[in-house]
Amino acid sequence: MLTANKLMPQGRGLAPVLLKRAATVELDWDVRQKSRFDATDSQGRQIGVFLPRGTAVRGGDVLVAEDGSLVRVIAAPQPVLRITHCTAHGTPFDLTRAAYHLGNRHVPIELKPDHLKIEPDHVLADMLRSMHLIVVAVEEAFEPEGGAYGSHEHSRGAGHDHAHDHGHAHGGSKGPKPLVLAPELLDDHDHSHDHGHGHHGHSH
């Protein structure tokens, strides 16, 4: 069994030709949300995946095996509930309300501009229908929103925030800008200084 303990989010940094040649593995969300699991790739190889605890694997990510070979992950279709707003009795804002109530229940949600997706749950489906939402059972890939401190999202977000904060910190560390005076003001200043100096010498 091959071991893979490195993950390249969305295959960033890899040449397209390498991604095209890479073996693939189809995994549903139940498996991809785990940091350790076994799988069989498209070449029939058994792969033991050992990633840092808390790492979630997304469709499009690339696993790197111990022999250097690449395995591109495909998010496998799975049963999910597709939620859309009712154009006859509701508004698109109903999806925002639905996401709020589902989030309060800590339900994994995939957020899209025009729909939501959750794993099958008849109690939640009834609740959503009572809110005038349309709930349909489908077989599609499921990519729920990551938490505020999720693996991929946090890595990208932290880099952005760091750069943003660094810029502010750098700007804040600058002292006050030097005062720039117009030439005519400098002339007047020099004249008054000389005059005062002469008067001072005269008094002595």
# chains A, B, ... in the order shown; residues from 1 in each chain; ligands from 1
call {"tool": "residues_around", "arguments": {"residues": "Thr91 of chain A", "least_positions_apart": "6", "cutoff": "10 Å", "atoms": "only C-alpha atoms", "output": "PDB file with C-alpha atoms, in the first residue's frame"}}
result
ATOM      1  CA  THR A  84     -33.877  26.817  -3.706  1.00  0.00           C
ATOM      2  CA  HIS A  85     -36.277  29.654  -2.998  1.00  0.00           C
ATOM      3  CA  HIS A 132     -41.549  28.214   1.646  1.00  0.00           C
ATOM      4  CA  LEU A 133     -38.327  26.750   0.261  1.00  0.00           C
TER       5      LEU A 133
END
call {"tool": "residues_around", "arguments": {"residues": "segment 11-15 of chain A", "least_positions_apart": "3", "cutoff": "12 Å", "atoms": "only C-alpha atoms", "output": "NGL selection string"}}
result
:A and (6-8 or 18-22 or 57-64 or 70-73 or 152)
call {"tool": "closest_residue", "arguments": {"among": "A:Lys112, A:Lys34, A:Lys117, A:His101", "to": "Arg82 of chain A", "atoms": "only C-alpha atoms"}}
result
A:Lys117
call {"tool": "select_by_dssp", "arguments": {"residues": "segment 9-123 of chain A", "states": "helix (DSSP H, G or I)", "output": "number ranges by chain"}}
result
A: 9-11, 16-21, 29-32, 93-104, 122-123
call {"tool": "write_last_selection", "arguments": {"atoms": "N, CA and C atoms", "output": "short mmCIF file (atom, residue, chain, number, x, y, z; two decimals), in the first residue's frame"}}
result
data_model
loop_
_atom_site.label_atom_id
_atom_site.label_comp_id
_atom_site.auth_asym_id
_atom_site.auth_seq_id
_atom_site.Cartn_x
_atom_site.Cartn_y
_atom_site.Cartn_z
N PRO A 9 -3.37 21.79 -2.37
CA PRO A 9 -4.70 22.33 -2.62
C PRO A 9 -4.89 22.76 -4.07
N GLN A 10 -5.88 22.16 -4.72
CA GLN A 10 -6.23 22.46 -6.11
C GLN A 10 -5.05 22.28 -7.07
N GLY A 11 -4.04 21.52 -6.63
CA GLY A 11 -2.89 21.24 -7.50
C GLY A 11 -2.10 22.48 -7.85
N PRO A 16 -0.16 21.81 -15.92
CA PRO A 16 -1.40 21.16 -16.38
C PRO A 16 -1.17 19.76 -16.93
N VAL A 17 -0.03 19.54 -17.59
CA VAL A 17 0.24 18.22 -18.17
C VAL A 17 0.40 17.18 -17.06
N LEU A 18 0.96 17.57 -15.92
CA LEU A 18 1.11 16.64 -14.80
C LEU A 18 -0.25 16.29 -14.20
N LEU A 19 -1.12 17.30 -14.10
CA LEU A 19 -2.46 17.05 -13.57
C LEU A 19 -3.25 16.12 -14.49
N LYS A 20 -3.04 16.29 -15.80
CA LYS A 20 -3.76 15.47 -16.76
C LYS A 20 -3.31 14.01 -16.69
N ARG A 21 -2.03 13.80 -16.42
CA ARG A 21 -1.49 12.45 -16.37
C ARG A 21 -1.73 11.76 -15.03
N TRP A 29 -17.96 13.21 0.53
CA TRP A 29 -17.58 14.11 1.62
C TRP A 29 -17.34 13.37 2.92
N ASP A 30 -18.04 12.28 3.14
CA ASP A 30 -17.87 11.53 4.38
C ASP A 30 -16.42 11.07 4.53
N VAL A 31 -15.77 10.74 3.41
CA VAL A 31 -14.36 10.32 3.45
C VAL A 31 -13.44 11.54 3.42
N ARG A 32 -13.75 12.51 2.56
CA ARG A 32 -12.84 13.64 2.37
C ARG A 32 -12.71 14.54 3.59
N PHE A 93 -34.04 36.04 -0.51
CA PHE A 93 -33.61 36.25 0.89
C PHE A 93 -33.95 35.04 1.76
N ASP A 94 -34.93 34.24 1.33
CA ASP A 94 -35.29 33.04 2.09
C ASP A 94 -34.10 32.10 2.23
N LEU A 95 -33.21 32.09 1.24
CA LEU A 95 -32.02 31.24 1.33
C LEU A 95 -31.09 31.72 2.44
N THR A 96 -31.01 33.03 2.62
CA THR A 96 -30.19 33.58 3.71
C THR A 96 -30.75 33.15 5.05
N ARG A 97 -32.07 33.23 5.19
CA ARG A 97 -32.72 32.80 6.42
C ARG A 97 -32.47 31.31 6.67
N ALA A 98 -32.56 30.52 5.60
CA ALA A 98 -32.34 29.08 5.73
C ALA A 98 -30.91 28.79 6.18
N ALA A 99 -29.94 29.48 5.57
CA ALA A 99 -28.54 29.27 5.94
C ALA A 99 -28.32 29.65 7.41
N TYR A 100 -28.99 30.69 7.87
CA TYR A 100 -28.87 31.11 9.27
C TYR A 100 -29.37 30.01 10.21
N HIS A 101 -30.56 29.48 9.93
CA HIS A 101 -31.14 28.46 10.80
C HIS A 101 -30.34 27.15 10.74
N LEU A 102 -29.86 26.79 9.57
CA LEU A 102 -29.05 25.58 9.45
C LEU A 102 -27.71 25.76 10.16
N GLY A 103 -27.14 26.95 10.04
CA GLY A 103 -25.88 27.22 10.72
C GLY A 103 -26.02 27.15 12.23
N ASN A 104 -27.16 27.60 12.75
CA ASN A 104 -27.41 27.52 14.19
C ASN A 104 -27.43 26.07 14.67
N HIS A 122 -34.63 14.33 6.88
CA HIS A 122 -36.05 14.60 6.63
C HIS A 122 -36.62 15.64 7.58
N VAL A 123 -36.08 15.74 8.80
CA VAL A 123 -36.56 16.75 9.74
C VAL A 123 -36.21 18.15 9.24
#
call {"tool": "atom_distance", "arguments": {"atom1": "atom CA of Arg53 of chain A", "atom2": "atom CA of Pro108 of chain A"}}
result
18.7 Å
call {"tool": "atom_distance", "arguments": {"atom1": "atom CA of Phe50 of chain A", "atom2": "atom CA of Pro79 of chain A"}}
result
26.4 Å
call {"tool": "residues_around", "arguments": {"residues": "Pro77 of chain A", "least_positions_apart": "2", "cutoff": "7 Å", "atoms": "only C-alpha atoms", "output": "PDB file with C-alpha atoms, in the first residue's frame"}}
result
ATOM      1  CA  ASP A  28     -17.517  11.513  -1.147  1.00  0.00           C
ATOM      2  CA  ALA A  75     -15.572  14.919  -5.384  1.00  0.00           C
ATOM      3  CA  GLU A 139     -27.033  13.093  -6.477  1.00  0.00           C
ATOM      4  CA  GLU A 140     -24.286  15.700  -6.717  1.00  0.00           C
ATOM      5  CA  ALA A 141     -20.812  16.426  -5.393  1.00  0.00           C
TER       6      ALA A 141
END
call {"tool": "closest_residue", "arguments": {"among": "A:Thr24, A:Glu119, A:Ala125, A:Met131", "to": "Gly44 of chain A", "atoms": "only C-alpha atoms"}}
result
A:Thr24
call {"tool": "closest_residue", "arguments": {"among": "A:Asp114, A:Ala39, A:Arg129, A:Glu145", "to": "His89 of chain A", "atoms": "only C-alpha atoms"}}
result
A:Arg129
call {"tool": "atom_distance", "arguments": {"atom1": "atom CA of Thr3 of chain A", "atom2": "atom CA of Val25 of chain A"}}
result
14.1 Å
call {"tool": "decode", "arguments": {"residues": "segment 15-67 of chain A", "atoms": "C-alpha atoms", "output": "PDB file, in the first residue's frame"}}
result
ATOM      1  CA  ALA A  15       1.920  21.965 -14.629  1.00  0.00           C
ATOM      2  CA  PRO A  16      -1.396  21.163 -16.382  1.00  0.00           C
ATOM      3  CA  VAL A  17       0.236  18.224 -18.166  1.00  0.00           C
ATOM      4  CA  LEU A  18       1.109  16.637 -14.802  1.00  0.00           C
ATOM      5  CA  LEU A  19      -2.461  17.048 -13.567  1.00  0.00           C
ATOM      6  CA  LYS A  20      -3.762  15.467 -16.762  1.00  0.00           C
ATOM      7  CA  ARG A  21      -1.490  12.445 -16.370  1.00  0.00           C
ATOM      8  CA  ALA A  22      -2.154  11.979 -12.656  1.00  0.00           C
ATOM      9  CA  ALA A  23      -4.206   9.073 -11.372  1.00  0.00           C
ATOM     10  CA  THR A  24      -7.569  10.008  -9.856  1.00  0.00           C
ATOM     11  CA  VAL A  25      -9.620   8.925  -6.880  1.00  0.00           C
ATOM     12  CA  GLU A  26     -13.334   9.623  -6.336  1.00  0.00           C
ATOM     13  CA  LEU A  27     -14.309  10.285  -2.741  1.00  0.00           C
ATOM     14  CA  ASP A  28     -17.517  11.513  -1.147  1.00  0.00           C
ATOM     15  CA  TRP A  29     -17.584  14.109   1.615  1.00  0.00           C
ATOM     16  CA  ASP A  30     -17.867  11.527   4.378  1.00  0.00           C
ATOM     17  CA  VAL A  31     -14.363  10.321   3.449  1.00  0.00           C
ATOM     18  CA  ARG A  32     -12.841  13.642   2.366  1.00  0.00           C
ATOM     19  CA  GLN A  33     -13.585  15.338   5.684  1.00  0.00           C
ATOM     20  CA  LYS A  34     -11.266  12.849   7.422  1.00  0.00           C
ATOM     21  CA  SER A  35      -7.519  13.359   7.651  1.00  0.00           C
ATOM     22  CA  ARG A  36      -6.767   9.614   7.594  1.00  0.00           C
ATOM     23  CA  PHE A  37      -8.394   7.097   5.268  1.00  0.00           C
ATOM     24  CA  ASP A  38      -7.713   4.343   2.736  1.00  0.00           C
ATOM     25  CA  ALA A  39      -8.718   4.570  -0.921  1.00  0.00           C
ATOM     26  CA  THR A  40      -8.188   2.919  -4.304  1.00  0.00           C
ATOM     27  CA  ASP A  41      -7.113   5.154  -7.197  1.00  0.00           C
ATOM     28  CA  SER A  42      -7.932   4.859 -10.908  1.00  0.00           C
ATOM     29  CA  GLN A  43      -4.851   2.670 -11.441  1.00  0.00           C
ATOM     30  CA  GLY A  44      -6.052   0.154  -8.861  1.00  0.00           C
ATOM     31  CA  ARG A  45      -3.442   1.109  -6.265  1.00  0.00           C
ATOM     32  CA  GLN A  46      -4.301   1.022  -2.567  1.00  0.00           C
ATOM     33  CA  ILE A  47      -3.406   4.333  -0.935  1.00  0.00           C
ATOM     34  CA  GLY A  48      -3.231   5.089   2.772  1.00  0.00           C
ATOM     35  CA  VAL A  49      -3.772   8.816   3.337  1.00  0.00           C
ATOM     36  CA  PHE A  50      -2.244  10.385   6.455  1.00  0.00           C
ATOM     37  CA  LEU A  51      -2.711  14.162   6.569  1.00  0.00           C
ATOM     38  CA  PRO A  52      -2.383  16.654   9.446  1.00  0.00           C
ATOM     39  CA  ARG A  53      -5.303  16.372  11.836  1.00  0.00           C
ATOM     40  CA  GLY A  54      -8.208  18.609  10.856  1.00  0.00           C
ATOM     41  CA  THR A  55      -7.340  18.640   7.140  1.00  0.00           C
ATOM     42  CA  ALA A  56     -10.294  18.297   4.762  1.00  0.00           C
ATOM     43  CA  VAL A  57      -9.730  17.155   1.186  1.00  0.00           C
ATOM     44  CA  ARG A  58     -11.568  19.034  -1.574  1.00  0.00           C
ATOM     45  CA  GLY A  59     -12.366  18.062  -5.120  1.00  0.00           C
ATOM     46  CA  GLY A  60      -9.445  19.205  -7.287  1.00  0.00           C
ATOM     47  CA  ASP A  61      -6.853  18.737  -4.540  1.00  0.00           C
ATOM     48  CA  VAL A  62      -3.846  16.562  -5.337  1.00  0.00           C
ATOM     49  CA  LEU A  63      -2.403  13.920  -3.026  1.00  0.00           C
ATOM     50  CA  VAL A  64       1.324  13.216  -3.268  1.00  0.00           C
ATOM     51  CA  ALA A  65       2.295   9.587  -2.618  1.00  0.00           C
ATOM     52  CA  GLU A  66       5.550   8.490  -1.003  1.00  0.00           C
ATOM     53  CA  ASP A  67       6.948   7.460  -4.403  1.00  0.00           C
TER      54      ASP A  67
END
